[in-house]
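What follows is a single structure, written as structure tokens, with notes after it.
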Amino acid sequence: MLTFPIYLDNNATTPLDPRVLEAMMPYLTGKFGNAASRNHAFGWHAEEAVDYAREQIASLINCSPKEIIFTSGATESDNLAIKGVFEMYASKGNHIITATTEHKAVLDTCKHIEKIGGKVTYLPVNAEGLIDLQQLEEAITDKTILISIMYGNNEVGVIQPIREISAIAKKRGVLFFTDATQAVGKIPVDVEADGIDLMAFSGHKMYGPKGVGALYVRRKNPRVKVTAQMDGGGHERGMRSGTLNVPGIVGLGKACEIAKQDMEKDTARLSAMRDRLEKELLTIEESYVNGSREHRLPHVTNISFKYVEGEGLMMGVKDIAVSSGSACTSASLEPSYVLKALGLSDDLAHSSLRFGLSRFTTEEEIDYAINHTKEAVAKLRGMSPLWEMFKEGIDLNSIEWAEH
Amino acid sequence: MAYSDKVIDHYNNPRNVGTLDKAKNSVGTGLVGAPECGDVMRLQIEVDENQIITDAKFKTFGCGSAIASSSLATEWLKGKSVDEALAIDNMDIVEELALPPVKIHCSVLAEDAIKSAINDYRVKNGLPALEIPKSHH
């Protein structure tokens, strides 16, 4: 049986797995202690739970439990990594390399770095959404201290060549940070094999709770340190002060444990459903997948339906919760900067929908999404002047549009 | 952001979607907006010898508010004289559809589409085009 609306916006956030909630419950009730209280059982229980979560997380990403710094989420982790490295390695240089398709938490942090005297290079991406490794290498100077390239993109799901990037970073003696918020828990991420020095991720993108995330900070080969961005009690090896969010951390740990255990099974099921959804939607005339289909997360597809506007389309598929690259709701009227970075024209960027599946998505829900998207596209094209012109063979580029 | 009931009604049951014969002298066509901006409206009016708008049609590429604004505009235009149509202000549309501030541009576009259609009709019939104030932009 279907329950409406159907949730297909799992790159924005995922539902909490019931097994995660179950693990968290005791720490929201009786076991409420402060993990920093060293002198009584309440504190010991909390600390023990946090230590166990660290191990669960470390086991998923193949690091030492000591290399996990808990934060409030990926945005904080991104800020801590970039600002923290910038401060800590100020004597070495002031140049950071990132890419134009990064999440705003990285891009806006880099903008901040520029304001306080740093230099940032924003690498472009190709039509597939991938950076050019040669351009990356050429961008490195003797002042470069950090390369910040995301693992999997939140809008199109494109996976960057992480191992090649880290090899370049290592060769040139530059630290490599990756925002892996969309990747951890979805695809195998191994900080050793991948050569990652710092990595941000969060609970609520992998069926864990909101308000908790982590920053992986390498301790060996090389030993990496970041300057704390909040002053306080010196928690988390002095890198992130603040009383630990014990129930959140327990939830993140459990989410990682489940991800490790179910990943293979989930990935196979999700990619098969995603591929079916995509194949069916591509039978719609003038529809296009955005970004690489080869180097991509298994649970997401981003499709432009030419000549219909994304927000209008979302209203047409109101029983399905998806998101659009159209930014008709924002004052700027600027469509997705990620899609534009891939070289999409503004009108195609305005016409995109992102479908993100989860381990709770069913075949029945996909059937519904396919049918309703097809119906809505047909209905909106029926009232689209652009579709009519296209059908009459009019070149839309030949028209002098009144910009507004 | 939730849409008002009136926007949802116009979106679900758009009035007067369609195309009039733009070759006819009695038909005025306004095409405003741009695909890059995510909004394109085409509004057409048919005017009789008494300067009364007898028919109006639209097609819109845009969000729900843009579709509703143009649908409402065609509803209002039918039966009005050309002069009365010129008096339609975008804020009338904002009020009727309860558009939030971020959607005011949709109503501006609808007003522009009306004026642009009237101008097309005027020029076709040997009248000078009226100046459309760009104050909203």
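Chain lettering (A, B, ...) mirrors the order of the structure tokens, residue numbering begins at 1 for each chain separately, and ligand numbering begins at 1 in order of display.
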Could you give me, as a Markdown table, every chain A residue with an atom at most 9 Å from chain B, plus its closest atom pair and distance in Å to one decimal, counting only C-alpha atoms, rows ordered by chain then number?
```
| residue | atom | partner | partner_atom | distance |
| --- | --- | --- | --- | --- |
| A:Tyr307 | CA | B:Phe61 | CA | 7.0 |
| A:Val308 | CA | B:Phe61 | CA | 5.9 |
| A:Glu309 | CA | B:Gly62 | CA | 5.1 |
| A:Gly310 | CA | B:Cys63 | CA | 7.3 |
| A:Glu311 | CA | B:Cys63 | CA | 5.0 |
| A:Gly312 | CA | B:Cys63 | CA | 3.8 |
| A:Leu313 | CA | B:Cys63 | CA | 7.5 |
| A:Met314 | CA | B:Cys63 | CA | 8.7 |
| A:Met315 | CA | B:Gly64 | CA | 6.7 |
| A:Gly316 | CA | B:Asn12 | CA | 8.2 |
| A:Ser326 | CA | B:Gly38 | CA | 7.4 |
| A:Ala327 | CA | B:Gly38 | CA | 8.5 |
| A:Cys328 | CA | B:Gly38 | CA | 6.9 |
| A:Thr329 | CA | B:Val102 | CA | 6.3 |
| A:Ser330 | CA | B:Val102 | CA | 6.8 |
| A:Ala331 | CA | B:Val102 | CA | 5.9 |
| A:Leu333 | CA | B:Cys37 | CA | 6.3 |
| A:Glu334 | CA | B:Cys37 | CA | 7.3 |
| A:Pro335 | CA | B:Cys37 | CA | 8.2 |
| A:Ser345 | CA | B:Glu36 | CA | 7.4 |
| A:Asp346 | CA | B:Glu36 | CA | 4.6 |
| A:Asp347 | CA | B:Glu36 | CA | 4.6 |
| A:Leu348 | CA | B:Glu36 | CA | 8.3 |
| A:Ala349 | CA | B:Glu36 | CA | 8.6 |
| A:His350 | CA | B:Gly38 | CA | 5.8 |
| A:Ser351 | CA | B:Gly38 | CA | 8.2 |
| A:Leu380 | CA | B:Phe61 | CA | 7.8 |
| A:Arg381 | CA | B:Phe61 | CA | 8.1 |
| A:Gly382 | CA | B:Lys59 | CA | 8.2 |
| A:Met383 | CA | B:Lys59 | CA | 4.8 |
| A:Ser384 | CA | B:Phe61 | CA | 4.8 |
| A:Pro385 | CA | B:Lys59 | CA | 5.1 |
| A:Leu386 | CA | B:Phe61 | CA | 6.9 |
| A:Trp387 | CA | B:Phe61 | CA | 8.6 |
| A:Glu388 | CA | B:Lys59 | CA | 8.9 |
| A:Leu396 | CA | B:Pro35 | CA | 8.7 |
| A:Glu400 | CA | B:Ala34 | CA | 8.7 |
| A:Trp401 | CA | B:Ala34 | CA | 5.2 |
| A:Ala402 | CA | B:Gly33 | CA | 5.5 |
| A:Glu403 | CA | B:Ala34 | CA | 5.8 |
| A:His404 | CA | B:Gly33 | CA | 6.2 |
```
Dump as an mmCIF file, in the first residue's frame, selection limited to C-alpha atoms:
```cif
data_model
loop_
_atom_site.group_PDB
_atom_site.id
_atom_site.type_symbol
_atom_site.label_atom_id
_atom_site.label_comp_id
_atom_site.auth_asym_id
_atom_site.auth_seq_id
_atom_site.Cartn_x
_atom_site.Cartn_y
_atom_site.Cartn_z
ATOM 1 C CA TYR A 307 10.307 23.031 -22.009
ATOM 2 C CA VAL A 308 8.732 22.535 -18.578
ATOM 3 C CA GLU A 309 9.806 24.484 -15.538
ATOM 4 C CA GLY A 310 10.948 22.487 -12.517
ATOM 5 C CA GLU A 311 8.958 24.196 -9.820
ATOM 6 C CA GLY A 312 5.779 24.008 -11.871
ATOM 7 C CA LEU A 313 6.578 20.357 -12.430
ATOM 8 C CA MET A 314 7.058 19.699 -8.720
ATOM 9 C CA MET A 315 3.620 21.160 -8.153
ATOM 10 C CA GLY A 316 2.307 18.728 -10.742
ATOM 11 C CA SER A 326 14.999 25.611 -10.605
ATOM 12 C CA ALA A 327 15.311 28.373 -8.078
ATOM 13 C CA CYS A 328 12.085 30.103 -8.914
ATOM 14 C CA THR A 329 11.447 30.462 -5.192
ATOM 15 C CA SER A 330 14.624 32.414 -4.552
ATOM 16 C CA ALA A 331 14.750 36.132 -5.091
ATOM 17 C CA LEU A 333 15.845 33.637 -10.009
ATOM 18 C CA GLU A 334 19.174 31.920 -10.570
ATOM 19 C CA PRO A 335 18.885 28.209 -11.249
ATOM 20 C CA SER A 345 21.836 26.367 -20.199
ATOM 21 C CA ASP A 346 19.650 28.199 -17.709
ATOM 22 C CA ASP A 347 16.453 26.892 -19.265
ATOM 23 C CA LEU A 348 17.564 23.258 -18.930
ATOM 24 C CA ALA A 349 18.697 23.907 -15.357
ATOM 25 C CA HIS A 350 15.257 25.334 -14.623
ATOM 26 C CA SER A 351 13.697 22.144 -16.017
ATOM 27 C CA LEU A 380 2.692 21.091 -18.475
ATOM 28 C CA ARG A 381 3.988 20.747 -22.007
ATOM 29 C CA GLY A 382 0.387 21.100 -23.127
ATOM 30 C CA MET A 383 0.441 24.585 -21.673
ATOM 31 C CA SER A 384 4.066 25.464 -22.457
ATOM 32 C CA PRO A 385 4.585 28.041 -25.214
ATOM 33 C CA LEU A 386 8.153 26.771 -25.555
ATOM 34 C CA TRP A 387 6.995 23.223 -26.246
ATOM 35 C CA GLU A 388 4.584 24.546 -28.912
ATOM 36 C CA LEU A 396 14.169 29.237 -29.394
ATOM 37 C CA GLU A 400 14.790 37.933 -28.757
ATOM 38 C CA TRP A 401 13.564 37.282 -25.234
ATOM 39 C CA ALA A 402 12.648 40.156 -23.002
ATOM 40 C CA GLU A 403 14.885 39.618 -19.983
ATOM 41 C CA HIS A 404 13.261 40.485 -16.726
#
```
Which residues come within 9 Å of range 138-142 of chain A, counting only C-alpha atoms, excluding same-chain residues fewer than 2 positions away, as a VMD selection string?
-> chain A and resid 92 to 93 95 to 97 121 123 133 to 136 144 to 145 147 169 172 174
Gly43 in chain A environment, 10 Å, only C-alpha atoms, sequence neighbours closer than 6 positions dropped, as a CSV table (one decimal) with N, CA and C atoms, in the first residue's frame:
```csv
chain,number,residue,atom,x,y,z
A,31,LYS,N,19.9,7.0,30.3
A,31,LYS,CA,21.3,7.1,30.2
A,31,LYS,C,21.7,8.5,29.6
A,32,PHE,N,21.4,9.5,30.4
A,32,PHE,CA,21.5,10.9,29.9
A,32,PHE,C,22.8,11.6,30.2
A,33,GLY,N,23.7,10.8,30.8
A,33,GLY,CA,24.9,11.4,31.3
A,33,GLY,C,25.8,12.2,30.3
A,34,ASN,N,26.6,13.0,30.9
A,34,ASN,CA,27.6,13.8,30.1
A,34,ASN,C,28.8,13.0,29.9
A,35,ALA,N,29.2,12.7,28.7
A,35,ALA,CA,30.4,11.9,28.4
A,35,ALA,C,31.7,12.4,29.0
A,36,ALA,N,31.7,13.7,29.4
A,36,ALA,CA,32.9,14.2,30.0
A,36,ALA,C,32.9,14.1,31.6
A,37,SER,N,31.8,13.6,32.1
A,37,SER,CA,31.7,13.4,33.6
A,37,SER,C,32.5,12.1,34.0
A,49,ALA,N,29.4,4.6,25.5
A,49,ALA,CA,28.5,4.6,24.3
A,49,ALA,C,29.2,5.4,23.1
```
Near-range 76-89 of chain A list (7 Å; only C-alpha atoms; drop same-chain fewer than 4 positions) as a PyMOL selection string = chain A and resi 71-72+93-94+105-106+109+145+179+198+200+214-215+225-229
Store the residues of this selection in a file with N, CA and C atoms, as a JSON list (two decimals), in the first residue's frame.
```
[["chain", "number", "residue", "atom", "x", "y", "z"],
["A", 71, "THR", "N", 30.92, 16.40, 15.46],
["A", 71, "THR", "CA", 30.46, 17.77, 15.22],
["A", 71, "THR", "C", 28.93, 17.76, 15.16],
["A", 72, "SER", "N", 28.36, 18.92, 14.82],
["A", 72, "SER", "CA", 26.91, 19.01, 14.72],
["A", 72, "SER", "C", 26.40, 18.59, 13.35],
["A", 93, "GLY", "N", 51.45, 28.18, 4.00],
["A", 93, "GLY", "CA", 50.86, 28.79, 2.81],
["A", 93, "GLY", "C", 49.44, 29.24, 3.06],
["A", 94, "ASN", "N", 48.81, 29.77, 2.02],
["A", 94, "ASN", "CA", 47.46, 30.31, 2.22],
["A", 94, "ASN", "C", 46.54, 30.01, 1.04],
["A", 105, "ALA", "N", 28.40, 24.81, 1.85],
["A", 105, "ALA", "CA", 29.14, 24.80, 3.12],
["A", 105, "ALA", "C", 30.64, 24.87, 2.86],
["A", 106, "VAL", "N", 31.08, 24.35, 1.72],
["A", 106, "VAL", "CA", 32.49, 24.45, 1.34],
["A", 106, "VAL", "C", 32.74, 25.77, 0.61],
["A", 109, "THR", "N", 32.54, 28.79, 2.86],
["A", 109, "THR", "CA", 33.68, 28.80, 3.77],
["A", 109, "THR", "C", 34.93, 29.29, 3.02],
["A", 145, "ILE", "N", 47.95, 24.69, 0.52],
["A", 145, "ILE", "CA", 47.95, 23.88, 1.74],
["A", 145, "ILE", "C", 46.83, 22.84, 1.74],
["A", 179, "ASP", "N", 34.48, 16.44, 1.30],
["A", 179, "ASP", "CA", 33.14, 16.46, 1.87],
["A", 179, "ASP", "C", 32.45, 15.20, 1.33],
["A", 198, "LEU", "N", 41.40, 14.45, 5.49],
["A", 198, "LEU", "CA", 40.27, 14.94, 6.31],
["A", 198, "LEU", "C", 38.99, 14.63, 5.55],
["A", 200, "ALA", "N", 34.52, 15.02, 5.85],
["A", 200, "ALA", "CA", 33.30, 15.43, 6.54],
["A", 200, "ALA", "C", 32.15, 14.53, 6.14],
["A", 214, "ALA", "N", 30.54, 14.20, 11.68],
["A", 214, "ALA", "CA", 31.90, 13.95, 12.13],
["A", 214, "ALA", "C", 32.89, 14.52, 11.13],
["A", 215, "LEU", "N", 34.08, 14.75, 11.65],
["A", 215, "LEU", "CA", 35.21, 15.09, 10.79],
["A", 215, "LEU", "C", 36.29, 14.05, 11.07],
["A", 225, "LYS", "N", 46.46, 18.31, 11.85],
["A", 225, "LYS", "CA", 45.80, 19.01, 12.95],
["A", 225, "LYS", "C", 45.00, 20.18, 12.41],
["A", 226, "VAL", "N", 43.91, 20.46, 13.07],
["A", 226, "VAL", "CA", 43.12, 21.64, 12.69],
["A", 226, "VAL", "C", 42.96, 22.53, 13.92],
["A", 227, "THR", "N", 42.95, 23.84, 13.68],
["A", 227, "THR", "CA", 42.73, 24.78, 14.77],
["A", 227, "THR", "C", 41.25, 24.80, 15.11],
["A", 228, "ALA", "N", 40.93, 24.66, 16.38],
["A", 228, "ALA", "CA", 39.52, 24.66, 16.81],
["A", 228, "ALA", "C", 38.84, 25.96, 16.38],
["A", 229, "GLN", "N", 37.59, 25.87, 16.02],
["A", 229, "GLN", "CA", 36.84, 27.05, 15.61],
["A", 229, "GLN", "C", 35.87, 27.52, 16.69]]
```
Quick one: residues within 8 Å of Ile93 in chain B, only C-alpha atoms, excluding same-chain residues fewer than 6 positions away - as a PDB file with C-alpha atoms, in the first residue's frame?
```pdb
ATOM      1  CA  SER B  69      -1.253  34.544 -12.894  1.00  0.00           C
ATOM      2  CA  LEU B  72      -6.372  34.523 -14.044  1.00  0.00           C
ATOM      3  CA  ALA B  73      -5.391  37.265 -16.500  1.00  0.00           C
ATOM      4  CA  SER B 107       2.152  38.965 -11.620  1.00  0.00           C
TER       5      SER B 107
END
```
Chain B: which residues are strand (DSSP E or B) by DSSP, as a list of chain:residue names?
-> B:Val17, B:Val27, B:Gly28, B:Thr29, B:Gly30, B:Leu31, B:Val32, B:Gly33, B:Ala34, B:Asp39, B:Val40, B:Met41, B:Arg42, B:Leu43, B:Gln44, B:Ile45, B:Glu46, B:Val47, B:Ile52, B:Ile53, B:Thr54, B:Asp55, B:Ala56, B:Lys57, B:Phe58, B:Lys59, B:Thr60, B:Phe61, B:Ser81
Determine, counting only C-alpha atoms, which protein, DNA and RNA residues have an atom within 12 Å of an atom of Asp83 in chain B; residues of the same chain fewer than 5 positions away are not included. Present the result as an NGL selection string.
-> :B and (47 or 50-53 or 77 or 88 or 114-115 or 118-119 or 122 or 130)
Take CA of Gly203 in chain A and CA of Ile113 in chain A and report the distance between them in Å, one decimal.
->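 Calculated distance between CA of Gly203 in chain A and CA of Ile113 in chain A is 26.5 Å.
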Counting only C-alpha atoms, what is within 12 Å of Lys24 in chain B, bar same-chain residues fewer than 2 positions away, as a list in words?
->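 Near Lys24 in chain B, the qualifying residues are Leu20, Asp21, Lys22, Ser26, Val27, Gly28, Thr29, Gln44, Ile45, Glu46, Val47, Asp48, Asp120, Tyr121, Lys124 and Asn125 of chain B.
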Kindly export the residues of the current selection with C-alpha atoms, as a PDB file, in the first residue's frame.
```
ATOM      1  CA  LEU B  20      -5.352  31.972 -31.196  1.00  0.00           C
ATOM      2  CA  ASP B  21      -4.472  32.557 -34.841  1.00  0.00           C
ATOM      3  CA  LYS B  22      -1.747  35.144 -34.573  1.00  0.00           C
ATOM      4  CA  SER B  26      -8.061  40.999 -34.607  1.00  0.00           C
ATOM      5  CA  VAL B  27      -5.611  38.955 -32.525  1.00  0.00           C
ATOM      6  CA  GLY B  28      -2.888  40.494 -30.368  1.00  0.00           C
ATOM      7  CA  THR B  29      -0.067  38.315 -29.044  1.00  0.00           C
ATOM      8  CA  GLN B  44      -3.300  36.320 -26.747  1.00  0.00           C
ATOM      9  CA  ILE B  45      -6.430  38.415 -27.056  1.00  0.00           C
ATOM     10  CA  GLU B  46      -9.060  38.612 -29.777  1.00  0.00           C
ATOM     11  CA  VAL B  47     -10.664  42.054 -30.093  1.00  0.00           C
ATOM     12  CA  ASP B  48     -13.929  42.871 -31.866  1.00  0.00           C
ATOM     13  CA  ASP B 120       0.666  43.905 -30.796  1.00  0.00           C
ATOM     14  CA  TYR B 121      -3.019  44.347 -31.599  1.00  0.00           C
ATOM     15  CA  LYS B 124      -1.348  45.479 -36.388  1.00  0.00           C
ATOM     16  CA  ASN B 125      -4.295  47.834 -36.691  1.00  0.00           C
TER      17      ASN B 125
END
```
Nearest to Ala113 in chain B, chosen from B:Asn13, B:Ser70, B:Asn25, B:Thr54, with only C-alpha atoms counted in the distances =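 Nearest candidate to Ala113 in chain B out of B:Asn13, B:Ser70, B:Asn25, B:Thr54: B:Ser70.
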